[in-house]
>>> print(open('start.tsv').read())   # TSV, C-alpha atoms
chain	number	residue	atom	x	y	z
A	1281	MET	CA	0.00	0.00	0.00
A	1282	SER	CA	1.35	3.47	-0.88
A	1283	GLY	CA	2.05	6.08	1.76
A	1284	GLU	CA	-0.75	8.23	0.43
A	1285	ALA	CA	-3.35	5.46	0.75
A	1286	ARG	CA	-2.16	4.72	4.27
A	1287	GLY	CA	-2.69	8.36	5.20
A	1288	THR	CA	-6.34	8.33	4.21
A	1289	GLU	CA	-7.15	4.96	5.73
A	1290	THR	CA	-9.69	5.19	8.55
A	1291	LEU	CA	-9.02	3.68	11.97
A	1292	GLU	CA	-11.52	0.89	11.22
A	1293	GLN	CA	-9.78	0.08	7.96
A	1294	SER	CA	-6.41	-0.01	9.68
A	1295	LEU	CA	-7.72	-2.30	12.41
A	1296	ALA	CA	-9.36	-4.58	9.86
A	1297	ARG	CA	-6.08	-4.76	7.96
A	1298	LEU	CA	-4.21	-5.41	11.20
A	1299	GLU	CA	-6.57	-8.32	11.87
A	1300	LYS	CA	-5.97	-9.78	8.41
A	1301	LEU	CA	-2.21	-9.44	8.67
A	1302	MET	CA	-2.18	-11.15	12.07
A	1303	ALA	CA	-4.17	-14.04	10.59
A	1304	THR	CA	-1.76	-14.27	7.64
A	1305	LEU	CA	1.22	-14.28	9.96
A	1306	GLU	CA	-0.42	-16.94	12.12
A	1307	SER	CA	-0.77	-19.20	9.07
A	1308	ILE	CA	2.87	-18.95	7.97
A	1309	ALA	CA	4.45	-22.39	8.19
A	1310	ASP	CA	7.97	-21.05	8.77
A	1311	ALA	CA	8.14	-20.90	12.58
A	1312	THR	CA	11.32	-18.79	12.71
A	1313	GLY	CA	9.87	-16.17	10.36
A	1314	ARG	CA	6.59	-16.15	12.24
A	1315	GLU	CA	8.18	-15.74	15.65
A	1316	THR	CA	10.64	-13.10	14.43
A	1317	ALA	CA	7.79	-11.02	13.02
A	1318	ARG	CA	5.84	-11.45	16.23
A	1319	GLU	CA	8.83	-10.42	18.33
A	1320	LEU	CA	9.46	-7.39	16.14
A	1321	LEU	CA	5.85	-6.31	16.59
A	1322	ALA	CA	6.03	-6.89	20.36
A	1323	LEU	CA	9.25	-4.86	20.58
A	1324	LEU	CA	7.84	-1.94	18.60
A	1325	LEU	CA	4.69	-1.92	20.72
A	1326	ASP	CA	6.84	-2.00	23.86
A	1327	LEU	CA	8.97	0.94	22.71
A	1328	HIS	CA	5.84	2.97	22.03
A	1329	ALA	CA	4.19	1.90	25.26
A	1330	ARG	CA	7.20	3.04	27.29
A	1331	SER	CA	7.39	6.47	25.65
A	1332	LEU	CA	3.66	6.97	25.72
A	1333	ALA	CA	3.54	6.11	29.41
A	1334	ARG	CA	6.14	8.79	30.12
A	1335	LEU	CA	4.38	11.27	27.85
A	1336	SER	CA	1.10	10.63	29.70
A	1337	ALA	CA	2.84	11.13	33.03
A	1338	ILE	CA	4.29	14.47	31.90
A	1339	ILE	CA	0.91	15.65	30.63
A	1340	ALA	CA	-0.89	14.54	33.77
A	1341	ALA	CA	1.64	16.42	35.95
A	1342	SER	CA	1.41	19.66	33.97
A	1343	ASP	CA	-0.73	22.64	35.00
A	1344	ASN	CA	-3.81	21.98	32.90
A	1345	GLY	CA	-3.02	18.27	32.52
A	1346	ALA	CA	-6.51	16.98	33.25
A	1347	ALA	CA	-8.11	19.23	30.64
A	1348	LEU	CA	-5.44	18.30	28.12
A	1349	LEU	CA	-6.01	14.58	28.69
A	1350	GLU	CA	-9.76	15.10	28.21
A	1351	LYS	CA	-8.99	16.63	24.85
A	1352	ILE	CA	-6.63	13.82	23.94
A	1353	ILE	CA	-9.11	11.05	24.67
A	1354	ASP	CA	-11.73	12.86	22.62
A	1355	ASP	CA	-9.59	12.14	19.58
A	1356	ARG	CA	-10.49	8.64	18.45
A	1357	ASP	CA	-7.10	7.71	17.01
A	1358	LEU	CA	-5.32	8.81	20.17
A	1359	ARG	CA	-7.94	7.14	22.34
A	1360	ALA	CA	-7.44	3.86	20.49
A	1361	ILE	CA	-3.68	3.92	21.04
A	1362	LEU	CA	-4.01	4.84	24.72
A	1363	LEU	CA	-6.48	1.97	25.16
A	1364	LEU	CA	-4.11	-0.43	23.44
A	1365	HIS	CA	-1.28	0.46	25.81
A	1366	GLY	CA	-3.42	0.48	28.93
A	1367	LEU	CA	-2.91	4.23	29.31
A	1368	HIS	CA	-6.48	5.47	29.04
A	1369	PRO	CA	-6.93	7.77	32.05
A	1370	GLN	CA	-10.33	6.29	32.90
A	1371	SER	CA	-10.73	2.83	34.43
A	1372	VAL	CA	-12.63	0.11	32.55
A	1373	GLU	CA	-15.43	0.47	35.05
A	1374	ASP	CA	-15.73	4.24	34.52
A	1375	ARG	CA	-15.71	3.83	30.75
A	1376	LEU	CA	-18.45	1.22	30.83
A	1377	GLN	CA	-20.54	3.23	33.29
A	1378	GLU	CA	-20.22	6.21	30.97
A	1379	VAL	CA	-21.59	4.25	28.00
A	1380	ILE	CA	-24.44	2.91	30.09
A	1381	ALA	CA	-25.28	6.44	31.32
A	1382	ARG	CA	-25.12	7.80	27.77
A	1383	MET	CA	-27.37	5.04	26.41
A	1384	LEU	CA	-29.76	5.14	29.37
A	1385	PRO	CA	-32.41	7.41	27.80
A	1386	GLN	CA	-32.51	5.34	24.62
A	1387	TRP	CA	-32.47	1.98	26.39
A	1388	SER	CA	-35.00	2.84	29.08
A	1389	ALA	CA	-37.37	4.26	26.47
A	1390	ARG	CA	-37.40	0.72	25.04
A	1391	GLY	CA	-37.95	-0.87	28.47
A	1392	LEU	CA	-34.36	-2.11	28.84
A	1393	HIS	CA	-32.43	-1.80	32.04
A	1394	VAL	CA	-28.68	-2.34	31.79
A	1395	SER	CA	-26.40	-2.35	34.81
A	1396	LEU	CA	-22.72	-3.10	35.30
A	1397	MET	CA	-22.19	-5.90	37.80
A	1398	SER	CA	-18.43	-6.22	37.77
A	1399	ALA	CA	-15.40	-5.16	35.78
A	1400	SER	CA	-11.93	-6.60	36.02
A	1401	ARG	CA	-8.88	-6.17	33.83
A	1402	ALA	CA	-9.93	-8.90	31.43
A	1403	PHE	CA	-13.60	-9.26	31.78
A	1404	ALA	CA	-16.84	-7.43	32.62
A	1405	MET	CA	-20.30	-8.65	33.51
A	1406	VAL	CA	-23.42	-6.72	32.71
A	1407	GLN	CA	-26.97	-7.44	33.69
A	1408	LEU	CA	-29.81	-6.85	31.27
A	1409	GLN	CA	-33.39	-6.69	32.45
A	1410	ARG	CA	-35.81	-6.73	29.58
A	1411	ASN	CA	-39.07	-5.99	31.37
A	1412	GLY	CA	-41.01	-7.90	28.76
A	1413	VAL	CA	-39.30	-6.36	25.73
A	1414	ALA	CA	-40.03	-8.61	22.76
A	1415	GLU	CA	-36.95	-7.81	20.66
A	1416	PRO	CA	-34.88	-10.88	19.76
A	1417	THR	CA	-32.36	-11.76	22.46
A	1418	ASP	CA	-29.43	-12.18	20.07
A	1419	GLN	CA	-29.92	-8.74	18.59
A	1420	LEU	CA	-30.19	-7.08	21.98
A	1421	ARG	CA	-27.14	-8.90	23.22
A	1422	LEU	CA	-25.17	-7.83	20.14
A	1423	GLU	CA	-26.30	-4.22	20.37
A	1424	ILE	CA	-25.29	-3.90	24.02
A	1425	GLU	CA	-22.08	-5.85	23.54
A	1426	ASN	CA	-21.08	-3.58	20.64
A	1427	ALA	CA	-21.81	-0.38	22.53
A	1428	LEU	CA	-19.76	-1.54	25.50
A	1429	THR	CA	-16.88	-3.15	23.59
A	1430	ASP	CA	-16.25	0.13	21.75
A	1431	ALA	CA	-15.47	1.76	25.09
A	1432	ALA	CA	-13.40	-1.19	26.28
A	1433	PRO	CA	-11.69	-3.00	23.38
A	1434	ASP	CA	-8.98	-3.91	25.86
A	1435	LEU	CA	-11.28	-6.38	27.63
A	1436	ASP	CA	-11.22	-10.02	26.54
A	1437	ASP	CA	-14.92	-10.35	26.95
A	1438	ILE	CA	-18.07	-8.64	28.13
A	1439	LEU	CA	-20.74	-11.02	29.33
A	1440	ILE	CA	-24.36	-10.06	29.35
A	1441	GLU	CA	-26.49	-11.78	31.90
A	1442	MET	CA	-30.20	-11.98	31.36
A	1443	ASP	CA	-33.25	-13.86	32.46
A	1444	MET	CA	-32.42	-17.42	31.42
A	1445	THR	CA	-35.98	-18.73	31.30
A	1446	ALA	CA	-36.92	-16.04	28.79
A	1447	PHE	CA	-33.74	-16.85	26.87
A	1448	TYR	CA	-34.70	-20.46	26.52
A	1449	ALA	CA	-38.37	-19.81	25.68
A	1450	GLU	CA	-37.05	-18.04	22.62
A	1451	THR	CA	-34.47	-20.57	21.47
A	1452	ALA	CA	-37.00	-23.38	21.86
A	1453	ALA	CA	-39.65	-21.55	19.85
B	1124	MET	CA	-18.90	9.37	19.83
B	1125	GLU	CA	-18.06	7.56	16.63
B	1126	ARG	CA	-17.95	3.80	16.64
B	1127	ILE	CA	-14.88	1.65	16.18
B	1128	GLU	CA	-16.32	-1.51	14.73
B	1129	SER	CA	-13.53	-3.88	15.58
B	1130	GLY	CA	-14.68	-5.46	18.81
B	1131	ASN	CA	-12.02	-6.21	21.40
B	1132	TRP	CA	-9.17	-5.50	18.98
B	1133	ALA	CA	-6.81	-4.15	21.65
B	1134	SER	CA	-7.13	-7.31	23.71
B	1135	ARG	CA	-6.57	-9.52	20.68
B	1136	LEU	CA	-3.50	-7.58	19.52
B	1137	ARG	CA	-1.99	-7.80	22.99
B	1138	ARG	CA	-2.60	-11.53	23.14
B	1139	PHE	CA	-1.14	-11.93	19.67
B	1140	VAL	CA	2.20	-10.37	20.59
B	1141	ARG	CA	2.40	-12.02	23.99
B	1142	THR	CA	5.40	-14.24	23.37
B	1143	THR	CA	5.39	-16.15	26.61
B	1144	GLU	CA	2.87	-18.93	26.87
B	1145	GLU	CA	1.85	-17.65	30.28
B	1146	GLU	CA	-1.86	-18.11	30.91
B	1147	HIS	CA	-4.10	-15.80	32.85
B	1148	CYS	CA	-7.29	-16.09	34.85
B	1149	GLU	CA	-10.04	-14.77	32.59
B	1150	PHE	CA	-11.81	-13.14	35.51
B	1151	CYS	CA	-9.06	-11.33	37.41
B	1152	SER	CA	-6.09	-11.54	34.93
B	1153	LYS	CA	-3.82	-13.11	37.49
B	1154	ALA	CA	-1.18	-15.44	35.98
B	1155	ILE	CA	-2.17	-19.08	36.49
B	1156	ALA	CA	-0.45	-22.46	36.32
B	1157	SER	CA	-0.68	-24.43	33.08
B	1158	ARG	CA	-2.96	-26.86	34.89
B	1159	HIS	CA	-5.80	-24.68	36.09
B	1160	ALA	CA	-9.52	-24.71	36.76
B	1161	HIS	CA	-12.13	-24.19	34.05
B	1162	LEU	CA	-15.60	-22.79	34.43
B	1163	VAL	CA	-18.47	-23.22	32.00
B	1164	GLU	CA	-20.98	-20.44	31.62
B	1165	ARG	CA	-24.23	-22.40	31.68
B	1166	ALA	CA	-26.24	-20.13	29.34
B	1167	THR	CA	-23.64	-19.80	26.58
B	1168	ARG	CA	-21.52	-22.96	27.17
B	1169	LYS	CA	-18.41	-20.83	26.94
B	1170	PHE	CA	-15.31	-22.12	28.75
B	1171	PHE	CA	-13.19	-19.87	30.95
B	1172	CYS	CA	-9.79	-20.39	32.52
B	1173	ALA	CA	-9.84	-19.43	36.19
B	1174	CYS	CA	-7.47	-19.00	39.10
B	1175	PRO	CA	-8.33	-21.04	42.21
B	1176	GLN	CA	-9.92	-18.07	43.99
B	1177	CYS	CA	-12.21	-17.02	41.12
B	1178	ALA	CA	-13.09	-20.66	40.40
B	1179	PHE	CA	-14.13	-21.15	44.00
B	1180	LEU	CA	-16.13	-17.92	44.22
B	1181	LEU	CA	-17.89	-18.17	40.86
B	1182	SER	CA	-18.66	-21.89	40.86
B	1183	GLY	CA	-20.73	-21.27	43.99
B	1184	GLY	CA	-23.18	-19.16	41.95
B	1185	GLU	CA	-25.74	-20.25	39.39
B	1186	ARG	CA	-24.13	-18.67	36.37
B	1187	PHE	CA	-21.00	-20.84	36.14
B	1188	ALA	CA	-20.32	-24.50	36.75
B	1189	ALA	CA	-16.89	-25.86	37.57
B	1190	LEU	CA	-15.54	-28.40	35.14
B	1191	ARG	CA	-13.98	-31.47	36.70
B	1192	ALA	CA	-12.11	-33.90	34.45
B	1193	ARG	CA	-14.12	-37.09	34.29
B	1194	ALA	CA	-13.94	-40.25	32.20
B	1195	ASP	CA	-15.77	-43.33	33.42
B	1196	ALA	CA	-16.80	-46.32	31.33
B	1197	LEU	CA	-20.32	-47.69	31.87
B	1198	HIS	CA	-19.95	-51.42	31.42
B	1199	ASP	CA	-23.49	-52.74	31.91
B	1200	PHE	CA	-25.33	-49.96	30.22
B	1201	ASP	CA	-28.91	-50.83	29.43
B	1202	LEU	CA	-30.00	-49.50	26.02
B	1203	SER	CA	-31.56	-51.63	23.29
B	1204	ASP	CA	-31.09	-50.90	19.60
B	1205	ASP	CA	-34.81	-50.16	19.28
B	1206	GLU	CA	-34.66	-47.61	22.07
B	1207	TRP	CA	-31.64	-45.96	20.48
B	1208	GLN	CA	-33.50	-45.76	17.15
B	1209	GLY	CA	-36.36	-44.11	19.01
B	1210	PHE	CA	-34.10	-41.21	20.00
B	1211	ARG	CA	-33.83	-40.25	16.30
B	1212	ILE	CA	-30.17	-39.32	16.36
B	1213	PRO	CA	-28.94	-39.73	12.77
B	1214	ILE	CA	-25.41	-40.84	13.65
B	1215	ASP	CA	-24.16	-43.58	16.00
B	1216	LEU	CA	-22.12	-41.09	17.98
B	1217	ALA	CA	-23.64	-38.57	20.36
B	1218	PHE	CA	-23.51	-37.06	23.78
B	1219	VAL	CA	-26.38	-36.16	26.04
B	1220	PHE	CA	-26.35	-33.84	29.01
B	1221	HIS	CA	-28.78	-31.97	31.20
B	1222	SER	CA	-28.86	-28.32	30.14
B	1223	THR	CA	-29.89	-25.77	32.73
B	1224	PRO	CA	-30.97	-23.10	30.21
B	1225	ALA	CA	-32.89	-25.72	28.21
B	1226	GLN	CA	-34.35	-27.10	31.45
B	1227	GLY	CA	-33.93	-30.63	30.20
B	1228	PRO	CA	-31.75	-33.14	28.40
B	1229	VAL	CA	-30.04	-32.06	25.19
B	1230	ALA	CA	-28.35	-34.32	22.65
B	1231	MET	CA	-25.41	-33.24	20.55
B	1232	TYR	CA	-23.82	-35.13	17.74
B	1233	PRO	CA	-20.88	-34.22	15.56
B	1234	GLY	CA	-21.22	-33.27	11.92
B	1235	PRO	CA	-19.12	-31.58	9.25
B	1236	ALA	CA	-20.05	-28.11	10.49
B	1237	GLY	CA	-19.48	-28.82	14.17
B	1238	ALA	CA	-21.94	-29.94	16.82
B	1239	ILE	CA	-25.58	-30.37	15.89
B	1240	GLU	CA	-27.90	-29.94	18.81
B	1241	SER	CA	-31.35	-31.37	19.31
B	1242	PRO	CA	-33.60	-31.56	22.34
B	1243	PHE	CA	-33.62	-35.07	23.78
B	1244	ALA	CA	-37.11	-36.43	24.47
B	1245	PRO	CA	-37.55	-35.99	28.26
B	1246	ASP	CA	-39.52	-39.25	28.61
B	1247	GLY	CA	-36.79	-41.11	26.72
B	1248	TRP	CA	-34.22	-39.67	29.10
B	1249	SER	CA	-36.33	-40.59	32.15
B	1250	ARG	CA	-36.52	-44.19	30.93
B	1251	LEU	CA	-32.77	-44.20	30.30
B	1252	VAL	CA	-32.08	-42.89	33.82
B	1253	ALA	CA	-34.49	-45.42	35.34
B	1254	ALA	CA	-32.67	-48.26	33.55
B	1255	ASN	CA	-29.24	-46.78	34.35
B	1256	PRO	CA	-29.49	-44.99	37.72
B	1257	THR	CA	-25.87	-43.79	37.52
B	1258	LEU	CA	-27.03	-41.20	34.95
B	1259	ALA	CA	-28.91	-39.39	37.69
B	1260	ASP	CA	-25.54	-38.30	39.12
B	1261	LEU	CA	-24.52	-36.39	35.98
B	1262	ASP	CA	-23.62	-32.84	36.87
B	1263	PRO	CA	-25.86	-30.53	34.74
B	1264	ASP	CA	-24.10	-28.56	31.97
B	1265	VAL	CA	-20.66	-30.06	32.61
B	1266	GLU	CA	-21.01	-33.85	32.47
B	1267	ALA	CA	-22.42	-35.93	29.65
B	1268	LEU	CA	-23.29	-39.44	28.59
B	1269	LEU	CA	-21.10	-40.20	25.57
B	1270	VAL	CA	-22.49	-42.87	23.26
B	1271	ASN	CA	-20.40	-44.70	20.67
B	1272	ARG	CA	-22.35	-47.28	18.64
B	1273	MET	CA	-20.29	-46.96	15.49
B	1274	ASN	CA	-19.44	-50.09	13.51
B	1275	GLY	CA	-21.18	-52.35	15.99
B	1276	ALA	CA	-19.56	-50.80	19.07
B	1277	ARG	CA	-21.75	-50.41	22.15
B	1278	GLU	CA	-19.65	-48.14	24.33
B	1279	TYR	CA	-20.98	-45.73	26.92
B	1280	TYR	CA	-19.04	-43.27	29.03
B	1281	LEU	CA	-19.67	-40.61	31.62
B	1282	VAL	CA	-17.32	-37.78	30.67
B	1283	SER	CA	-16.84	-34.08	31.33
B	1284	VAL	CA	-18.18	-32.03	28.41
B	1285	ASP	CA	-14.75	-30.70	27.41
B	1286	ARG	CA	-14.00	-34.21	26.10
B	1287	CYS	CA	-17.20	-34.14	24.06
B	1288	TYR	CA	-16.34	-30.79	22.50
B	1289	ALA	CA	-12.84	-32.06	21.76
B	1290	LEU	CA	-14.45	-34.86	19.75
B	1291	VAL	CA	-16.69	-32.42	17.91
B	1292	GLY	CA	-13.70	-30.19	17.10
B	1293	LEU	CA	-11.64	-33.11	15.88
B	1294	ILE	CA	-14.41	-34.17	13.51
B	1295	ARG	CA	-14.95	-30.65	12.21
B	1296	ARG	CA	-11.26	-30.25	11.42
B	1297	ARG	CA	-10.83	-33.58	9.64
B	1298	TRP	CA	-14.15	-33.99	7.86
B	1299	ARG	CA	-13.75	-34.23	4.07
B	1300	GLY	CA	-16.47	-34.54	1.45
B	1301	LEU	CA	-19.91	-35.99	2.06
B	1302	SER	CA	-19.13	-38.94	4.29
B	1303	GLY	CA	-16.18	-37.56	6.23
B	1304	GLY	CA	-13.45	-39.61	4.60
B	1305	ALA	CA	-11.20	-42.30	6.09
B	1306	GLU	CA	-9.02	-39.84	7.98
B	1307	VAL	CA	-11.80	-38.51	10.17
B	1308	TRP	CA	-13.00	-41.97	11.24
B	1309	GLU	CA	-9.44	-43.05	11.98
B	1310	ALA	CA	-9.11	-39.95	14.20
B	1311	VAL	CA	-12.37	-40.86	15.97
B	1312	ARG	CA	-11.04	-44.38	16.61
B	1313	ASP	CA	-7.88	-42.82	18.09
B	1314	TYR	CA	-10.02	-40.58	20.28
B	1315	PHE	CA	-11.86	-43.59	21.74
B	1316	ARG	CA	-8.62	-45.53	22.11
B	1317	THR	CA	-7.21	-42.66	24.24
B	1318	LEU	CA	-10.45	-42.43	26.19
B	1319	ARG	CA	-10.34	-46.17	26.97
B	1320	ASP	CA	-6.69	-45.86	28.04
B	1321	ASP	CA	-7.54	-42.97	30.37
B	1322	VAL	CA	-10.42	-44.89	31.90
B	1323	GLU	CA	-8.22	-47.96	32.46
B	1324	THR	CA	-5.35	-45.96	33.95
B	1325	LYS	CA	-7.74	-44.30	36.34
B	1326	ASP	CA	-9.39	-47.60	37.30
B	1327	ARG	CA	-5.97	-49.03	38.12
B	1328	VAL	CA	-5.02	-46.03	40.23
B	1329	HIS	CA	-8.24	-46.13	42.17
B	1330	GLY	CA	-7.91	-49.90	42.49
>>> encode(input="start.tsv", output="structure tokens")
Amino acid sequence: MSGEARGTETLEQSLARLEKLMATLESIADATGRETARELLALLLDLHARSLARLSAIIAASDNGAALLEKIIDDRDLRAILLLHGLHPQSVEDRLQEVIARMLPQWSARGLHVSLMSASRAFAMVQLQRNGVAEPTDQLRLEIENALTDAAPDLDDILIEMDMTAFYAETAA
Amino acid sequence: MERIESGNWASRLRRFVRTTEEEHCEFCSKAIASRHAHLVERATRKFFCACPQCAFLLSGGERFAALRARADALHDFDLSDDEWQGFRIPIDLAFVFHSTPAQGPVAMYPGPAGAIESPFAPDGWSRLVAANPTLADLDPDVEALLVNRMNGAREYYLVSVDRCYALVGLIRRRWRGLSGGAEVWEAVRDYFRTLRDDVETKDRVHG
């Protein structure tokens, strides 16, 4: 890909390409080549992580650091990189709570009640009460999962707990 | 806020570059030994690696069940060919377990696309349990009756479900063409050979 094309690529396109390249690398039969490429990538990420951690510390310690960080995480490219390196100033829990608060009017208008039960470094659990909402479970699950994963792509998984009897009534139907 | 439609990309990239084979508890991220506990989420049947503390805490709730390795042969299993036919499972290889979300027995059998699931007639299951009381001890969601009646075999086992999914995965990976091909059935024979060995080893240890 030319430098020009790379410059106009959106974040989504870059991430999709990243995904494809990782899959290609994973399928290379040559173990030495595969591991060297992986190590190179790990090293580059490490170098960036170290510098970015120091940069974040300097910003946070400066006079209007908090306001500056707010501005930085409003930029989606910067936010993505901070999330990748575990440098996002907000905790996973705060980020998820923020999404839930932002979606609250829309979700409660549809009779949905979403609450965060727990959040760890790898994993969050969310409870969904449907209050008789008839929308298909899979779609609801996907919608909520998507909204939350966007704010926390650094989590391995977000589990949505819901009324299991209702869940089965649907799959059996 | 604009969406980034790439799911948990940051987590996947980090895992991809992680060069050490170190494993982590999927609940609290603590590093765990290579032999560690597994929990099954009952509703989704997803497997999770867990540290001893999380395994203990979460397996006490209703959401997760702890997976304990199990492989027992049932030697005097009572199931006639007619009864088996009555269960309408199209292949002579299946596993049956009690599913909490389904509130009843569920049968799964392997096919080219993975596991095919069908509800297991509750009255059929009740008769099977009445004839073979040991089935009543099966731990819901995590233990299954594994049936192998292929090529005249009449083998029955009580196994933890991870072994069942391993069989399904093995078949999905090796299946070729319409009938599976020789390679897949050789792999299935190997699977049962290993299972029999494990059962025998265990029987010897327990005397």
>>> closest_residue(input="start.tsv", among="B:Ala1276, B:Asp1195, B:Lys1153, B:His1147", to="Lys1325 in chain B", atoms="all atoms listed in the file")
B:Asp1195
>>> residues_around(input="start.tsv", residues="range 1162-1167 of chain B", least_positions_apart="5", cutoff="8 Å", atoms="all atoms listed in the file", output="list in words")
Met1444 of chain A; Cys1172, Ala1173, Ala1178, Ser1182, Arg1186, Phe1187, Ala1188, Ala1189, Leu1190, Ser1222, Thr1223, Pro1224, Asp1264 and Val1265 of chain B
>>> residues_near_point(input="start.tsv", point="(-20.4, -49.4, 22.0)", cutoff="12 Å", atoms="all atoms listed in the file", output="list in words")
Ala1196, Leu1197, His1198, Asp1199, Phe1200, Asp1201, Leu1202, Ser1203, Asp1204, Trp1207, Asp1215, Leu1216, Ala1217, Leu1269, Val1270, Asn1271, Arg1272, Met1273, Asn1274, Gly1275, Ala1276, Arg1277, Glu1278, Tyr1279, Tyr1280, Arg1312, Phe1315 and Arg1319 of chain B
>>> interface_residues(input="start.tsv", of="chain A", to="chain B", cutoff="9 Å", atoms="only C-alpha atoms", output="PyMOL selection string")
chain A and resi 1291-1292+1295-1296+1298-1299+1302+1315+1318-1319+1321-1323+1325+1354+1356+1360-1361+1363-1365+1399-1404+1425-1427+1429-1437+1441+1444-1445+1447-1449+1451-1452
>>> write_last_selection(input="start.tsv", atoms="C-alpha atoms", output="PDB file, in the coordinates of the input")
ATOM      1  CA  LEU A1291      -9.020   3.680  11.970  1.00  0.00           C
ATOM      2  CA  GLU A1292     -11.520   0.890  11.220  1.00  0.00           C
ATOM      3  CA  LEU A1295      -7.720  -2.300  12.410  1.00  0.00           C
ATOM      4  CA  ALA A1296      -9.360  -4.580   9.860  1.00  0.00           C
ATOM      5  CA  LEU A1298      -4.210  -5.410  11.200  1.00  0.00           C
ATOM      6  CA  GLU A1299      -6.570  -8.320  11.870  1.00  0.00           C
ATOM      7  CA  MET A1302      -2.180 -11.150  12.070  1.00  0.00           C
ATOM      8  CA  GLU A1315       8.180 -15.740  15.650  1.00  0.00           C
ATOM      9  CA  ARG A1318       5.840 -11.450  16.230  1.00  0.00           C
ATOM     10  CA  GLU A1319       8.830 -10.420  18.330  1.00  0.00           C
ATOM     11  CA  LEU A1321       5.850  -6.310  16.590  1.00  0.00           C
ATOM     12  CA  ALA A1322       6.030  -6.890  20.360  1.00  0.00           C
ATOM     13  CA  LEU A1323       9.250  -4.860  20.580  1.00  0.00           C
ATOM     14  CA  LEU A1325       4.690  -1.920  20.720  1.00  0.00           C
ATOM     15  CA  ASP A1354     -11.730  12.860  22.620  1.00  0.00           C
ATOM     16  CA  ARG A1356     -10.490   8.640  18.450  1.00  0.00           C
ATOM     17  CA  ALA A1360      -7.440   3.860  20.490  1.00  0.00           C
ATOM     18  CA  ILE A1361      -3.680   3.920  21.040  1.00  0.00           C
ATOM     19  CA  LEU A1363      -6.480   1.970  25.160  1.00  0.00           C
ATOM     20  CA  LEU A1364      -4.110  -0.430  23.440  1.00  0.00           C
ATOM     21  CA  HIS A1365      -1.280   0.460  25.810  1.00  0.00           C
ATOM     22  CA  ALA A1399     -15.400  -5.160  35.780  1.00  0.00           C
ATOM     23  CA  SER A1400     -11.930  -6.600  36.020  1.00  0.00           C
ATOM     24  CA  ARG A1401      -8.880  -6.170  33.830  1.00  0.00           C
ATOM     25  CA  ALA A1402      -9.930  -8.900  31.430  1.00  0.00           C
ATOM     26  CA  PHE A1403     -13.600  -9.260  31.780  1.00  0.00           C
ATOM     27  CA  ALA A1404     -16.840  -7.430  32.620  1.00  0.00           C
ATOM     28  CA  GLU A1425     -22.080  -5.850  23.540  1.00  0.00           C
ATOM     29  CA  ASN A1426     -21.080  -3.580  20.640  1.00  0.00           C
ATOM     30  CA  ALA A1427     -21.810  -0.380  22.530  1.00  0.00           C
ATOM     31  CA  THR A1429     -16.880  -3.150  23.590  1.00  0.00           C
ATOM     32  CA  ASP A1430     -16.250   0.130  21.750  1.00  0.00           C
ATOM     33  CA  ALA A1431     -15.470   1.760  25.090  1.00  0.00           C
ATOM     34  CA  ALA A1432     -13.400  -1.190  26.280  1.00  0.00           C
ATOM     35  CA  PRO A1433     -11.690  -3.000  23.380  1.00  0.00           C
ATOM     36  CA  ASP A1434      -8.980  -3.910  25.860  1.00  0.00           C
ATOM     37  CA  LEU A1435     -11.280  -6.380  27.630  1.00  0.00           C
ATOM     38  CA  ASP A1436     -11.220 -10.020  26.540  1.00  0.00           C
ATOM     39  CA  ASP A1437     -14.920 -10.350  26.950  1.00  0.00           C
ATOM     40  CA  GLU A1441     -26.490 -11.780  31.900  1.00  0.00           C
ATOM     41  CA  MET A1444     -32.420 -17.420  31.420  1.00  0.00           C
ATOM     42  CA  THR A1445     -35.980 -18.730  31.300  1.00  0.00           C
ATOM     43  CA  PHE A1447     -33.740 -16.850  26.870  1.00  0.00           C
ATOM     44  CA  TYR A1448     -34.700 -20.460  26.520  1.00  0.00           C
ATOM     45  CA  ALA A1449     -38.370 -19.810  25.680  1.00  0.00           C
ATOM     46  CA  THR A1451     -34.470 -20.570  21.470  1.00  0.00           C
ATOM     47  CA  ALA A1452     -37.000 -23.380  21.860  1.00  0.00           C
TER      48      ALA A1452
END
>>> atom_distance(input="start.tsv", atom1="CA of Gly1391 in chain A", atom2="CA of Asn1411 in chain A")
6.0 Å
>>> residues_around(input="start.tsv", residues="Trp1248 in chain B", least_positions_apart="6", cutoff="12 Å", atoms="all atoms listed in the file", output="list in words")
Leu1202, Glu1206, Trp1207, Gly1209, Phe1210, Val1219, Phe1220, His1221, Gly1227, Pro1228, Val1229, Ala1230, Pro1242, Ala1254, Asn1255, Pro1256, Leu1258, Ala1259 and Leu1268 of chain B
>>> residues_around(input="start.tsv", residues="Pro1369 in chain A", least_positions_apart="5", cutoff="10 Å", atoms="all atoms listed in the file", output="list in words")
Ser1336, Ala1340, Ala1346, Leu1349, Glu1350, Ile1353, Arg1359, Leu1362, Leu1363, Asp1374 and Arg1375 of chain A
